[in-house]
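One structure is given here, and the rest of the page talks about it.
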There are 2 protein chains.
Amino acid sequence: MSVVADQDLKEYKVIGTRPIRHDGVDKVTGRALYGADIHLPGLLYGKVLRSPHAHARIRRIDVSKALALAGVKAVATGADLPSLSDTVKALGEGSVNLKYQSTGLLADDKVLFHGHPVAAVAATSVHIAEEALALIEVDYEVLAPVLDLRAAMKEGAPILLDDLRTRELGDQMGTQQTNVAEHIRHQRGDLARGFAEADVIVEREFTTSTVHQGYIEPQNATALWNGDGLITVWTSTQGAHSVRGQLAELLLLPETRIKVIPMEIGGGFGGKINVYLEPLAAILSLKAGHRPVKLVMNRAEVLMATGPTSGSVIRVKMGVTRDGRITAAEVWMAYEAGAYPGSPVGSGMNVILSPYRIENLQIDGYDVVVNKPRSAAYRAPGGTNAAYAAEAAIDELAEKVGMDPVAFRLLNGAKEGDRRGDGPAFRRIGYLETVRAIQESDHYRTPLKGPNRGRGVASGYWGNWGGKSSVSASVNADGQVNLVEGSTDIGGSRTSIAMQLAETLGISEQDVKPYVVDTDSVAYNDVTGGSRTTFGTGWAVYELGLKLKEEMLQRVAELWEVEPEQVTYADGVFASDGHRFTFKEAAVKLNDDRPIMASATTHAQEYGPGFATHVVDVEVDPETGKVTILRYTAAQDVGKAVHPSYVEGQIQGGVAQGIGWALNEEYVYDSQGHLLNTNLLDYRMPVAPDLPMIDTILIEVANPGHPYGVRGVGEVPIVPPAGALANAIYHAVGVRPAHLPMSPAQILEALWAKET
Amino acid sequence: MSVVADQDLKEYKVIGTRPIRHDGVDKVTGRALYGADIHLPGLLYGKVLRSPHAHARIRRIDVSKALALAGVKAVATGADLPSLSDTVKALGEGSVNLKYQSTGLLADDKVLFHGHPVAAVAATSVHIAEEALALIEVDYEVLAPVLDLRAAMKEGAPILLDDLRTRELGDQMGTQQTNVAEHIRHQRGDLARGFAEADVIVEREFTTSTVHQGYIEPQNATALWNGDGLITVWTSTQGAHSVRGQLAELLLLPETRIKVIPMEIGGGFGGKINVYLEPLAAILSLKAGHRPVKLVMNRAEVLMATGPTSGSVIRVKMGVTRDGRITAAEVWMAYEAGAYPGSPVGSGMNVILSPYRIENLQIDGYDVVVNKPRSAAYRAPGGTNAAYAAEAAIDELAEKVGMDPVAFRLLNGAKEGDRRGDGPAFRRIGYLETVRAIQESDHYRTPLKGPNRGRGVASGYWGNWGGKSSVSASVNADGQVNLVEGSTDIGGSRTSIAMQLAETLGISEQDVKPYVVDTDSVAYNDVTGGSRTTFGTGWAVYELGLKLKEEMLQRVAELWEVEPEQVTYADGVFASDGHRFTFKEAAVKLNDDRPIMASATTHAQEYGPGFATHVVDVEVDPETGKVTILRYTAAQDVGKAVHPSYVEGQIQGGVAQGIGWALNEEYVYDSQGHLLNTNLLDYRMPVAPDLPMIDTILIEVANPGHPYGVRGVGEVPIVPPAGALANAIYHAVGVRPAHLPMSPAQILEALWAKET
């Protein structure tokens with residue numbers, strides 16, 4: 001790792017150091033408690049009956065034989081979901097999303113994907129629950145599935161959702177039945193004039209497959225619907241308050257009746273935001289007479305029925321002048337939503353071409369339902385497909401005007417004051433710094449030699465997010481601080497947030513003990529996602545630290561009988577004329593009088609976008625089409641790196657996932673929509689021997705919208721890899737793969753096509 | 001129950017109502033989780049080896065055979081306690097208390113009571129652990145035990161603690177080895193002149209036996225000393241922060257390294273403040289390689305080795321004028337501390353005679369070690385024995401000057417401006433109101449007829465306590481409030497505190513959801529004890545409610561674009577010219593912008609003393625000496641009764657315990673100091689058929705030192721019963737029992753003595 005700090009970056013004492021993470025020992029010793037570790041007196045075990053069909057109407061469900069099985073304590077179907085009650089159904093349009101959300105969890109009258117939950121059982125053992133599933137009789141009327149995105153958009157395609165109409169360019173609603181849920185447009189400048197100014201125009205179409213987040217820990221949930229009407233849920237989630245909110249909506253309860261206890265999480269990457277099992281566990285608990293019910297998915301269930309990210313079709317048309325200036329870009333992009341609306345096409349539209357200054361631009365996006373599991377967020381949702389298409393087109397443009405791809409990006413790259421798409425102007429950003437860092441890197445300056453070898457460059461962007469955070473802290477009499485936060489820790493944020501509180505308080509990071517609590521113990525926190533946590537919850541602990549310091553200073557002044565203005569606090573020492581307390585001494589004295597506690601809530605609105613430029617060297621085996629990665633370097637503007645090792649880890653993790661998506665990962669369906677690769681042998685994610693060391697260059701351009709200059713870092717690194725690899729493969733073997741994954745089969749076919 | 005409100009008592013909306021307690025459903029459905037319900041992966045089970053001798057020197061402990069037993073993972077002895085390390089031992093005087101505390105938990109070189117812990121074992125099952133205990137070889141040199149308080153005080157008595165010296169009247173230290181740990185004196189006026197003014201003088205000596213709190217749930221503790229050095233403890237306690245503090249001291253760790261999770265508690269009454277098993281569980285966990293270890297006592301262990309309250313000897317000498325005015329009182333009281341110093345003699349001195357205005361007064365108190373378990377707090381610690389002696393003497397004085405005992409108390413009773421002992425003057429108190437309430441009660445006005453029947457009256461006092469409390473709360477978007485508190489709930493305080501927050505916020509009690517959290521999630525809270533919780537933590541939520549209201553009002557004003565001064569909040573509605581938000585509407589709007597959370601810490605210093613007067617009718621069976629309680633009425637100044645039903649429950653519970661202490665409960669030792677009655681058949685506590693309905697009269701005299709006029713209520717009611725019963729027995733059969741318990745055997749002996 002190398003770190004390049006912006007000139008005007010501030011120096012800190014704690015921020016920028018690399019303490020051991022608070023959850024480290026628990027995790028390496030196996031002590032950390034995950035959802036599957038939950039054990040409660042009287043616990044029941046749940047299993048879910050799933051549709052064997054990708055598209056079918058349910059004529060009848062008979063659960064009587066299952067209920068009669070000894071040991072079965074409850075069976076639930078869609079009819080048991082309060083949100084599918086007749087009252088709610090009668091509410092009409094306003095509750096369409098709730099209806100989709102609900103029927104996705106437990107089918108109502110239709111199943112829309114292979115693996116769609118149809119019923120759930122709670123029994124005294126998991127074996128009895130499984131046996132009971134086999135006793136549930138479902139009478140299906142099998143319908144033709146729609147698996148192909150373009151086919152789904154055609155008139156006359158089988159319709160998944162009877163009441164779906166296209167939301168067109170904002171709020172205009174279509175009148176026809178359709179599978180297109182939404183059409184969005186970003187527009188700027190004059191497209192025709194832009195293309196007229198161009199000397200070279202490239203127009204290409206790219207497609208990408210459905211891929212999964214691939215977290216190791218399967219979804220799980222345990223719920224106790226207590227006799228007093230209060231519900232407690234233990235689950236693996238990126239956001240306990242979000243689970244609470246979703247449950248409140250689905251169960252038609254005030255959210256304060258629900259307590260969500262977030263367990264440790266074995267990976268999420270966006271896929272642990274939506275609820276899948278939590279509502280079923282709650283309903284089964286209620287039906288089983290207030291006994292706790294635990295559900296844990298197996299791998300097949302995870303792959304079949306939890307949030308993959310969208311397959312997509314993206315067409316990019318771009319024009320450049322002879323000297324390499326981009327004059328216009330027109331993009332058409334359609335994303336698979338899966339069974340219900342809600343693909344990340346909108347965020348893909350935000351990502352595509354955002355590293356570039358383009359005056360004339362139009363991006364059209366389409367959200368399309370198909371008979372696959374409902375898509376969920378996946379690290380920079382929709383960004384990897386989008387950037388893949390754009391960066392491949394840009395590589396081709398650069399080649400056509402005879403420019404080095406890095407020079408091309410330096411010429412067209414966005415900087416402070418430029419606008420993204422049709423959005424507002426950027427404040428201080430570090431995109432060009434990432435391009436220059438690659439240009440000046442040992443990697444880029446070392447020529448790549450040998451047959452079938454090529455080097456690819458690509459850039460990427462993620463807007464990041466701020467959101468709402470709430471924290472509290474107590475300063476104990478030993479001078480150490482307990483920090484209470486609601487942001488679930490999916491990648492070291494306990495530490496990165498504790499460090500910011502320590503920095504603000506002027507104490508050691510070891511003296512802050514962070515603790516992620518349940519939804520009853522802290523006010524609302526948005527999910528850990530959108531790369532918001534170190535940034536947004538960092539804001540919150542900054543405010544909290546200021547409050548605590550202020551309170552302590554006031555009380556120290558009282559103790560010394562001086563005016564607060566006469567007391568200073570610097571380098572961990574309160575001082576006034578003739579008086580001196582270290583932070584710890586003050587903590588002892590003040591606690592003697594009265595405990596010290598404060599809370600803070602924030603809603604961070606300025607997000608501090610992140611940019612990256614990656615370079616990769618590959619060698620393509622012309623016999624097998626296999627792509628071997630020889631070297632990989634990722635340069636990213638990370639803002640101030642709170643814990644540089646974790647920032648590097650985020651970048652390396654994002655690149656690894658991007659490589660998997662680019663080269664191997666895909667959902668394989670048969671013609672009837674049955675998912676064929678429901679295990680991690682057949683769904684091929686990269687493993688250690690597949691990857692070289694990922695080198696990182698951390699560019700620290702302080703985010704002006706954060707007290708410590710922090711930007712989100714976790715999502716940007718998954719955006720460029722597919723584009724970089726596509727370009728490297730082209731420079732290695734002269735074919736530009738137009739589909740993800742760029743699997744050996746595709747490369748081989750492209751090579752064969754080129755030869756003939 | 002009847003309720004008599006003081007004229008100037010305020011009216012409230014929530015305070016004074018009787019909602020269902022928050023933990024009610026959990027407890028009646030068996031769902032509530034107690035310490036014994038804890039299950040953790042890899043859990044080990046601990047057992048404690050206890051001394052078979054009341055007094056012995058330990059020559060040698062050999063644990064090798066126990067350690068060799070398959071399934072045994074760790075054995076700990078006193079040498080494993082960090083606080084007994086050589087370093088600490090070398091510290092000298094300052095750490096004497098710590099040494100006593102430590103050697104009481106795991107013996108060092110001596111055992112001082114039958115049941116004294118000598119070693120602890122952790123094994124894979126409780127049976128293996130028990131088997132291992134039998135394999136530990138301890139070589140004892142048995143010493144003569146000292147069981148009698150007066151004998152212990154005599155020169156030449158066997159010495160328990162080699163380094164013990166008498167702390168005499170403050171800080172003066174004796175030079176001789178002794179069993180008398182402390183001599184305290186309260187003094188006021190001129191005793192000689194006071195007795196000279198008296199027409200009648202009564203001088204009596206009373207003794208009381210050792211008794212136990214008698215909670216149903218035995219002590220338990222589970223600890224995990226984690227690989228990262230952090231310790232988590234699950235336990236049944238009256239104060240999680242107190243457990244944390246005790247552990248930090250014993251383990252020589254900063255308190256922030258320790259997290260204590262308070263489980264539900266099955267009774268404490270003062271006995272669940274000291275740690276017994278927690279340090280053993282922690283040390284065993286460390287020695288067993290960071291595996292969690294659980295220890296649960298059996299009933300015999302509870303009775304043998306956890307905090308009974310002191311047996312005592314009390315001499316009272318009082319003088320009155322012919323017209324009934326008390327002129328002087330001289331008290332000598334010695335309390336058994338058990339094996340180590342720390343009897344509640346000081347608080348007994350505070351209780352004795354405090355309901356009375358006495359100008360000439362001297363009270364001498366002695367804290368004396370004997371070979372019994374170390375005494376612990378028991379509901380109004382030391383108060384019952386003290387009041388028993390005083391109230392019996394007063395009854396005799398009233399009789400001697402021919403006055404009705406109620407009239408005597410009205411004449412001599414303390415009121416606002418009078419001083420307690422040598423303490424400061426009372427603010428507004430309600431003692432005389434309780435006497436008048438008894439005087440005017442149906443019970444007192446109904447003559448008692450029949451042979452061997454008698455009526456007794458007695459009063460009682462408890463100073464109550466304030467202490468430190470910390471709370472936080474979140475206002476959720478559904479308008480409901482999560483309240484985080486650290487005060488463990490031993491008698492409905494979740495509800496009484498939630499009610500005060502609801503009152504302050506102007507919302508319904510059902511919209512506040514209280515939650516008792518661990519020591520990491522809230523700042524310091526003193527123990528639930530001293531009748532402080534509804535009072536002191538009530539203060540804290542009052543401050544918290546004001547903060548939340550203020551914050552919401554400020555933010556509502558911003559939303560409406562008016563000055564905060566233009567916004568009012570009353571009856572749950574924010575209003576300004578043309579604007580109106582209910583609390584819930586404001587919660588929705590404000591949360592949309594930013595979560596709402598606040599915290600507050602308080603150190604309540606004005607405690608609001610509580611007084612009670614009880615009347616009881618008994619019938620004594622002259623054949624057996626058995627006392628049957630015919631009718632019982634307790635009048636108490638409870639301040640404002642937050643939840644009158646729970647206040648009544650506290651009074652009834654206190655009276656029931658006081659009756660048990662008065663009539664039956666006692667530790668029975670053989671001459672060698674072996675406790676003979678180590679089960680609840682032989683240690684005779686009252687059961688339902690032993691008691692009539694306890695009638696209550698709640699006198700609501702607002703405490704001027706609390707925003708809602710709250711006083712502590714839980715301890716006062718255990719103070720008068722023994723005195724009232726002694727007086728009733730006298731009026732029934734003409735003997736004044738001079739010893740507690742006034743068991744059938746004692747009564748019968750007194751009757752026989754009277755006849756001869």
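Chain lettering (A, B, ...) mirrors the order of the structure tokens, residue numbering begins at 1 for each chain separately, and ligand numbering begins at 1 in order of display.
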
_Can you tell me which residues surround Ser459 in chain A at a distance of at most 8 Å, considering only C-alpha atoms, apart from same-chain residues fewer than 6 positions away, and format the answer as a PyMOL selection string?_
chain A and resi 355+387+391+611-614+719-720+723-724

Emit the selected residues as a PDB file, in the first residue's frame, including C-alpha atoms.
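Listing of again22.pdb after writing:
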ATOM      1  CA  PRO A 355     -15.715  10.353 -13.622  1.00  0.00           C
ATOM      2  CA  ALA A 387     -18.843   1.252 -15.408  1.00  0.00           C
ATOM      3  CA  GLU A 391     -15.012   2.083 -19.491  1.00  0.00           C
ATOM      4  CA  PHE A 611     -13.262   7.867  -7.321  1.00  0.00           C
ATOM      5  CA  ALA A 612     -10.823   5.183  -8.287  1.00  0.00           C
ATOM      6  CA  THR A 613      -8.633   4.237 -11.216  1.00  0.00           C
ATOM      7  CA  HIS A 614      -7.435   0.679 -11.565  1.00  0.00           C
ATOM      8  CA  VAL A 719     -16.790  -0.453  -9.788  1.00  0.00           C
ATOM      9  CA  PRO A 720     -13.713  -0.440 -12.088  1.00  0.00           C
ATOM     10  CA  GLY A 723     -13.992  -2.535 -17.212  1.00  0.00           C
ATOM     11  CA  ALA A 724     -10.292  -2.771 -16.478  1.00  0.00           C
TER      12      ALA A 724
END

_Can you work out which residues from chain B touch chain A at a cut-off of 7 Å (counting only C-alpha atoms) and hand them back as a ChimeraX atom specification?_
/B:25,227-228,254-256,468,470,474,476,478,480,482,484,520-524,594-603

Print the selection's residues with N, CA and C atoms to a file, as a PDB file, in the first residue's frame.
ATOM      1  N   VAL B  25     -45.917  -9.746  31.871  1.00  0.00           N
ATOM      2  CA  VAL B  25     -46.214 -10.886  30.995  1.00  0.00           C
ATOM      3  C   VAL B  25     -45.041 -11.853  30.976  1.00  0.00           C
ATOM      4  N   GLY B 227     -10.530 -13.622  25.312  1.00  0.00           N
ATOM      5  CA  GLY B 227      -9.136 -13.582  24.885  1.00  0.00           C
ATOM      6  C   GLY B 227      -8.594 -12.177  24.716  1.00  0.00           C
ATOM      7  N   ASP B 228      -9.466 -11.211  24.528  1.00  0.00           N
ATOM      8  CA  ASP B 228      -9.015  -9.824  24.378  1.00  0.00           C
ATOM      9  C   ASP B 228      -8.947  -9.100  25.715  1.00  0.00           C
ATOM     10  N   PRO B 254      -9.273  -1.974  35.078  1.00  0.00           N
ATOM     11  CA  PRO B 254     -10.134  -0.800  34.912  1.00  0.00           C
ATOM     12  C   PRO B 254     -11.574  -1.287  34.704  1.00  0.00           C
ATOM     13  N   GLU B 255     -12.526  -0.584  35.269  1.00  0.00           N
ATOM     14  CA  GLU B 255     -13.899  -1.083  35.232  1.00  0.00           C
ATOM     15  C   GLU B 255     -14.450  -1.179  33.817  1.00  0.00           C
ATOM     16  N   THR B 256     -13.908  -0.385  32.913  1.00  0.00           N
ATOM     17  CA  THR B 256     -14.430  -0.389  31.541  1.00  0.00           C
ATOM     18  C   THR B 256     -14.063  -1.681  30.796  1.00  0.00           C
ATOM     19  N   LYS B 468     -26.736   8.113  42.421  1.00  0.00           N
ATOM     20  CA  LYS B 468     -26.469   8.487  41.034  1.00  0.00           C
ATOM     21  C   LYS B 468     -27.278   7.638  40.063  1.00  0.00           C
ATOM     22  N   SER B 470     -28.237   7.338  35.674  1.00  0.00           N
ATOM     23  CA  SER B 470     -27.990   7.768  34.303  1.00  0.00           C
ATOM     24  C   SER B 470     -29.032   7.104  33.413  1.00  0.00           C
ATOM     25  N   SER B 474     -34.788   7.516  23.385  1.00  0.00           N
ATOM     26  CA  SER B 474     -34.986   7.870  21.985  1.00  0.00           C
ATOM     27  C   SER B 474     -36.476   8.056  21.755  1.00  0.00           C
ATOM     28  N   ASN B 476     -39.006   7.665  19.033  1.00  0.00           N
ATOM     29  CA  ASN B 476     -39.104   7.029  17.722  1.00  0.00           C
ATOM     30  C   ASN B 476     -40.127   7.714  16.837  1.00  0.00           C
ATOM     31  N   ASP B 478     -42.674   6.620  15.584  1.00  0.00           N
ATOM     32  CA  ASP B 478     -44.079   6.291  15.847  1.00  0.00           C
ATOM     33  C   ASP B 478     -44.592   7.025  17.092  1.00  0.00           C
ATOM     34  N   GLN B 480     -43.456   6.828  20.008  1.00  0.00           N
ATOM     35  CA  GLN B 480     -43.194   6.099  21.239  1.00  0.00           C
ATOM     36  C   GLN B 480     -41.732   6.267  21.628  1.00  0.00           C
ATOM     37  N   ASN B 482     -38.275   4.858  23.625  1.00  0.00           N
ATOM     38  CA  ASN B 482     -37.474   3.834  24.288  1.00  0.00           C
ATOM     39  C   ASN B 482     -36.676   4.489  25.402  1.00  0.00           C
ATOM     40  N   VAL B 484     -33.819   3.935  28.207  1.00  0.00           N
ATOM     41  CA  VAL B 484     -32.692   3.095  28.609  1.00  0.00           C
ATOM     42  C   VAL B 484     -32.284   3.471  30.026  1.00  0.00           C
ATOM     43  N   ASP B 520     -22.274  -1.398  29.722  1.00  0.00           N
ATOM     44  CA  ASP B 520     -21.656  -0.731  28.570  1.00  0.00           C
ATOM     45  C   ASP B 520     -22.594   0.265  27.914  1.00  0.00           C
ATOM     46  N   SER B 521     -23.885   0.138  28.192  1.00  0.00           N
ATOM     47  CA  SER B 521     -24.868   0.869  27.393  1.00  0.00           C
ATOM     48  C   SER B 521     -25.437   2.092  28.079  1.00  0.00           C
ATOM     49  N   VAL B 522     -25.032   2.340  29.298  1.00  0.00           N
ATOM     50  CA  VAL B 522     -25.536   3.505  30.018  1.00  0.00           C
ATOM     51  C   VAL B 522     -24.463   3.883  31.033  1.00  0.00           C
ATOM     52  N   ALA B 523     -24.424   5.140  31.401  1.00  0.00           N
ATOM     53  CA  ALA B 523     -23.430   5.560  32.389  1.00  0.00           C
ATOM     54  C   ALA B 523     -23.789   4.998  33.770  1.00  0.00           C
ATOM     55  N   TYR B 524     -22.962   5.339  34.730  1.00  0.00           N
ATOM     56  CA  TYR B 524     -23.044   4.745  36.065  1.00  0.00           C
ATOM     57  C   TYR B 524     -24.413   4.911  36.730  1.00  0.00           C
ATOM     58  N   ARG B 594     -33.947  14.150  11.559  1.00  0.00           N
ATOM     59  CA  ARG B 594     -32.801  13.692  12.350  1.00  0.00           C
ATOM     60  C   ARG B 594     -33.361  12.973  13.573  1.00  0.00           C
ATOM     61  N   PRO B 595     -32.747  11.869  13.985  1.00  0.00           N
ATOM     62  CA  PRO B 595     -33.288  11.138  15.149  1.00  0.00           C
ATOM     63  C   PRO B 595     -33.291  12.002  16.414  1.00  0.00           C
ATOM     64  N   ILE B 596     -34.128  11.589  17.353  1.00  0.00           N
ATOM     65  CA  ILE B 596     -34.271  12.341  18.611  1.00  0.00           C
ATOM     66  C   ILE B 596     -33.787  11.457  19.752  1.00  0.00           C
ATOM     67  N   MET B 597     -32.763  11.915  20.431  1.00  0.00           N
ATOM     68  CA  MET B 597     -32.208  11.140  21.544  1.00  0.00           C
ATOM     69  C   MET B 597     -31.613  12.104  22.554  1.00  0.00           C
ATOM     70  N   ALA B 598     -31.704  11.746  23.798  1.00  0.00           N
ATOM     71  CA  ALA B 598     -31.068  12.555  24.845  1.00  0.00           C
ATOM     72  C   ALA B 598     -30.656  11.654  25.999  1.00  0.00           C
ATOM     73  N   SER B 599     -29.790  12.174  26.836  1.00  0.00           N
ATOM     74  CA  SER B 599     -29.378  11.429  28.023  1.00  0.00           C
ATOM     75  C   SER B 599     -29.350  12.384  29.204  1.00  0.00           C
ATOM     76  N   ALA B 600     -29.393  11.828  30.388  1.00  0.00           N
ATOM     77  CA  ALA B 600     -29.306  12.668  31.593  1.00  0.00           C
ATOM     78  C   ALA B 600     -28.657  11.864  32.704  1.00  0.00           C
ATOM     79  N   THR B 601     -27.885  12.533  33.513  1.00  0.00           N
ATOM     80  CA  THR B 601     -27.322  11.899  34.709  1.00  0.00           C
ATOM     81  C   THR B 601     -27.643  12.785  35.906  1.00  0.00           C
ATOM     82  N   THR B 602     -27.905  12.148  37.036  1.00  0.00           N
ATOM     83  CA  THR B 602     -28.237  12.923  38.237  1.00  0.00           C
ATOM     84  C   THR B 602     -27.572  12.304  39.461  1.00  0.00           C
ATOM     85  N   HIS B 603     -27.413  13.117  40.448  1.00  0.00           N
ATOM     86  CA  HIS B 603     -26.955  12.649  41.750  1.00  0.00           C
ATOM     87  C   HIS B 603     -27.881  13.289  42.768  1.00  0.00           C
TER      88      HIS B 603
END

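In this structure, CA of Gly705 in chain A sits 6.9 Å away from CA of Tyr607 in chain A.
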
*asked:* What's the separation between CA of Pro344 in chain B and CA of Tyr378 in chain B, in Å to one decimal place?
replied: 9.0 Å

*List the neighbours of range 164-181 of chain B out to 7 Å using only C-alpha atoms; skip same-chain residues closer than 4 positions along the sequence, and give me the result as a VMD selection string.*
chain B and resid 152 to 153 159 to 160 185 341 366 to 369

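Using only C-alpha atoms, the smallest distance between any of B:Leu505, B:Ile363, B:Tyr34, B:Pro19 and Lys547 in chain B comes from B:Leu505.
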
_Can you tell me which residues surround Ala198 in chain B at a distance of at most 8 Å, considering only C-alpha atoms, apart from same-chain residues fewer than 3 positions away, and format the answer as number ranges by chain?_
B: 194-195, 201, 319-322, 326-328
